[in-house]
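This is entry38.pdb (PDB, C-alpha atoms).
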ATOM      1  CA  MET A   1       0.000   0.000   0.000
ATOM      2  CA  LEU A   2       1.217   3.501  -0.800
ATOM      3  CA  ILE A   3       0.294   5.995   1.923
ATOM      4  CA  LYS A   4       0.578   9.778   2.100
ATOM      5  CA  PRO A   5       1.224  10.518   5.801
ATOM      6  CA  ASP A   6      -0.839  13.300   7.364
ATOM      7  CA  PRO A   7       1.208  16.304   8.497
ATOM      8  CA  VAL A   8       2.000  16.531  12.192
ATOM      9  CA  GLU A   9       0.368  19.463  13.998
ATOM     10  CA  THR A  10       3.029  22.017  14.922
ATOM     11  CA  LYS A  11       0.686  24.550  16.507
ATOM     12  CA  VAL A  12      -1.553  24.229  19.551
ATOM     13  CA  GLY A  13      -3.832  27.253  19.866
ATOM     14  CA  SER A  14      -1.470  30.203  19.503
ATOM     15  CA  ILE A  15       1.616  28.251  20.619
ATOM     16  CA  ILE A  16       4.003  27.088  17.883
ATOM     17  CA  ILE A  17       5.826  23.850  18.674
ATOM     18  CA  ALA A  18       9.378  23.421  17.361
ATOM     19  CA  VAL A  19       9.603  20.013  15.698
ATOM     20  CA  ASP A  20      12.648  18.219  14.320
ATOM     21  CA  GLU A  21      11.870  17.109  10.725
ATOM     22  CA  LYS A  22      13.371  13.626  11.255
ATOM     23  CA  ILE A  23      11.347  13.036  14.425
ATOM     24  CA  MET A  24       8.196  14.475  12.856
ATOM     25  CA  LYS A  25       7.818  11.736  10.234
ATOM     26  CA  TYR A  26       7.950   9.033  12.904
ATOM     27  CA  GLU A  27       5.232  10.726  14.954
ATOM     28  CA  THR A  28       2.779  10.481  12.064
ATOM     29  CA  VAL A  29       0.535   7.460  12.428
ATOM     30  CA  GLU A  30      -2.321   8.423  10.101
ATOM     31  CA  GLY A  31      -2.443   8.914   6.374
ATOM     32  CA  THR A  32      -4.392   8.506   3.149
ATOM     33  CA  VAL A  33      -4.195   5.453   0.886
ATOM     34  CA  LEU A  34      -2.934   6.535  -2.551
ATOM     35  CA  GLN A  35      -2.478   3.143  -4.178
ATOM     36  CA  ILE A  36      -2.912  -0.541  -3.387
ATOM     37  CA  GLY A  37      -0.886  -3.331  -4.991
ATOM     38  CA  ASN A  38      -2.384  -6.520  -6.419
ATOM     39  CA  GLY A  39      -1.144  -8.817  -3.644
ATOM     40  CA  SER A  40      -2.106  -6.588  -0.727
ATOM     41  CA  TRP A  41      -4.601  -9.038   0.783
ATOM     42  CA  GLU A  42      -3.814 -12.728   0.694
ATOM     43  CA  GLY A  43      -7.076 -14.656   0.448
ATOM     44  CA  GLU A  44      -9.064 -11.882   2.130
ATOM     45  CA  GLU A  45     -11.469  -9.261   0.909
ATOM     46  CA  PRO A  46      -9.846  -5.794   0.821
ATOM     47  CA  TRP A  47     -10.876  -3.756   3.872
ATOM     48  CA  ALA A  48      -9.322  -0.504   2.660
ATOM     49  CA  LYS A  49      -9.482   1.302  -0.671
ATOM     50  CA  VAL A  50      -7.795   4.249  -2.373
ATOM     51  CA  GLY A  51      -8.775   7.463  -0.609
ATOM     52  CA  ASP A  52      -9.353   5.869   2.815
ATOM     53  CA  LYS A  53      -7.750   7.363   5.928
ATOM     54  CA  VAL A  54      -5.786   4.722   7.822
ATOM     55  CA  VAL A  55      -3.985   4.412  11.141
ATOM     56  CA  TYR A  56      -0.705   2.513  10.884
ATOM     57  CA  VAL A  57       2.133   1.173  13.034
ATOM     58  CA  ARG A  58       4.427   4.027  14.041
ATOM     59  CA  HIS A  59       7.696   2.527  12.721
ATOM     60  CA  GLY A  60       6.267   0.370   9.931
ATOM     61  CA  GLY A  61       6.996   0.560   6.245
ATOM     62  CA  LYS A  62       9.559   2.326   4.112
ATOM     63  CA  TYR A  63       9.630   6.053   3.271
ATOM     64  CA  VAL A  64      10.152   7.022  -0.378
ATOM     65  CA  LYS A  65      10.434  10.406  -2.102
ATOM     66  CA  ASP A  66       8.087  11.456  -4.920
ATOM     67  CA  GLY A  67       9.192  14.926  -5.953
ATOM     68  CA  ASP A  68       8.729  17.064  -2.827
ATOM     69  CA  ASP A  69       6.379  14.538  -1.194
ATOM     70  CA  GLU A  70       7.529  11.848   1.194
ATOM     71  CA  LEU A  71       5.309   8.774   0.913
ATOM     72  CA  LEU A  72       5.184   5.530   2.844
ATOM     73  CA  ILE A  73       5.051   1.987   1.489
ATOM     74  CA  LEU A  74       3.284  -0.317   3.969
ATOM     75  CA  SER A  75       2.118  -3.903   4.025
ATOM     76  CA  ASP A  76      -1.489  -4.445   5.083
ATOM     77  CA  GLU A  77      -0.165  -5.988   8.317
ATOM     78  CA  ASP A  78       1.170  -2.552   9.352
ATOM     79  CA  VAL A  79      -2.247  -0.901   8.985
ATOM     80  CA  ILE A  80      -4.153  -0.976  12.273
ATOM     81  CA  ALA A  81      -7.503   0.536  11.237
ATOM     82  CA  THR A  82      -9.381   2.718   8.792
ATOM     83  CA  ARG A  83     -10.966   6.037   9.838
ATOM     84  CA  GLU A  84     -14.053   7.841   8.631
TER      85      GLU A  84
END

Starting from the coordinates I provided, produce the structure as structure tokens.
Amino acid sequence: MLIKPDPVETKVGSIIIAVDEKIMKYETVEGTVLQIGNGSWEGEEPWAKVGDKVVYVRHGGKYVKDGDDELLILSDEDVIATRE
């Protein structure tokens, strides 16, 4: 599965929180499904589809660059749940 991680909030009310860029990507645990590979679900019905918001394991997957975007490649085992 190809996931676009949601940005981490860096502001609470009127307070701006300083965040290290390297730490920030590991704090993200939610994102949007951009693409799903053919073998994503072995013998099961797919429970997520392109466009779904998902919650995933904090240190799962592999980060890849796509232009200026940093995306995440995950196996379905690393996805904990879908969100509405």

Suppose a student applies the PyMOL selection byres ((chain A and resi 73) around 12) to this structure; what residues should they get, written as a ChimeraX atom specification? /A:1-5,31-37,40,56-57,59-66,70-72,74-79

Expressed in Å to a single decimal, how great is the separation between atom CA of Asn38 of chain A and atom CA of Ile80 of chain A?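 Between atom CA of Asn38 of chain A and atom CA of Ile80 of chain A the gap is 19.6 Å.
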
Between atom CA of Val29 of chain A and atom CA of Pro7 of chain A, what is the distance in Å, rounded to a tenth?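 Going from atom CA of Val29 of chain A over to atom CA of Pro7 of chain A, I get 9.7 Å.
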
Please work out which residues fall within 6 Å of (-10.2, 3.6, 8.0), coordinates as given in the file, with only C-alpha atoms counting, and return them as a PyMOL selection string. chain A and resi 52-54+81-84

Could you give me the centre and size, in Å to one decimal, of an axis-aligned box around all listed atoms of segment 67-82 of chain A with 4 Å added on every side, as AutoDock Vina command-line options?
--center_x -0.1 --center_y 5.5 --center_z 3.2 --size_x 26.6 --size_y 31.1 --size_z 26.2
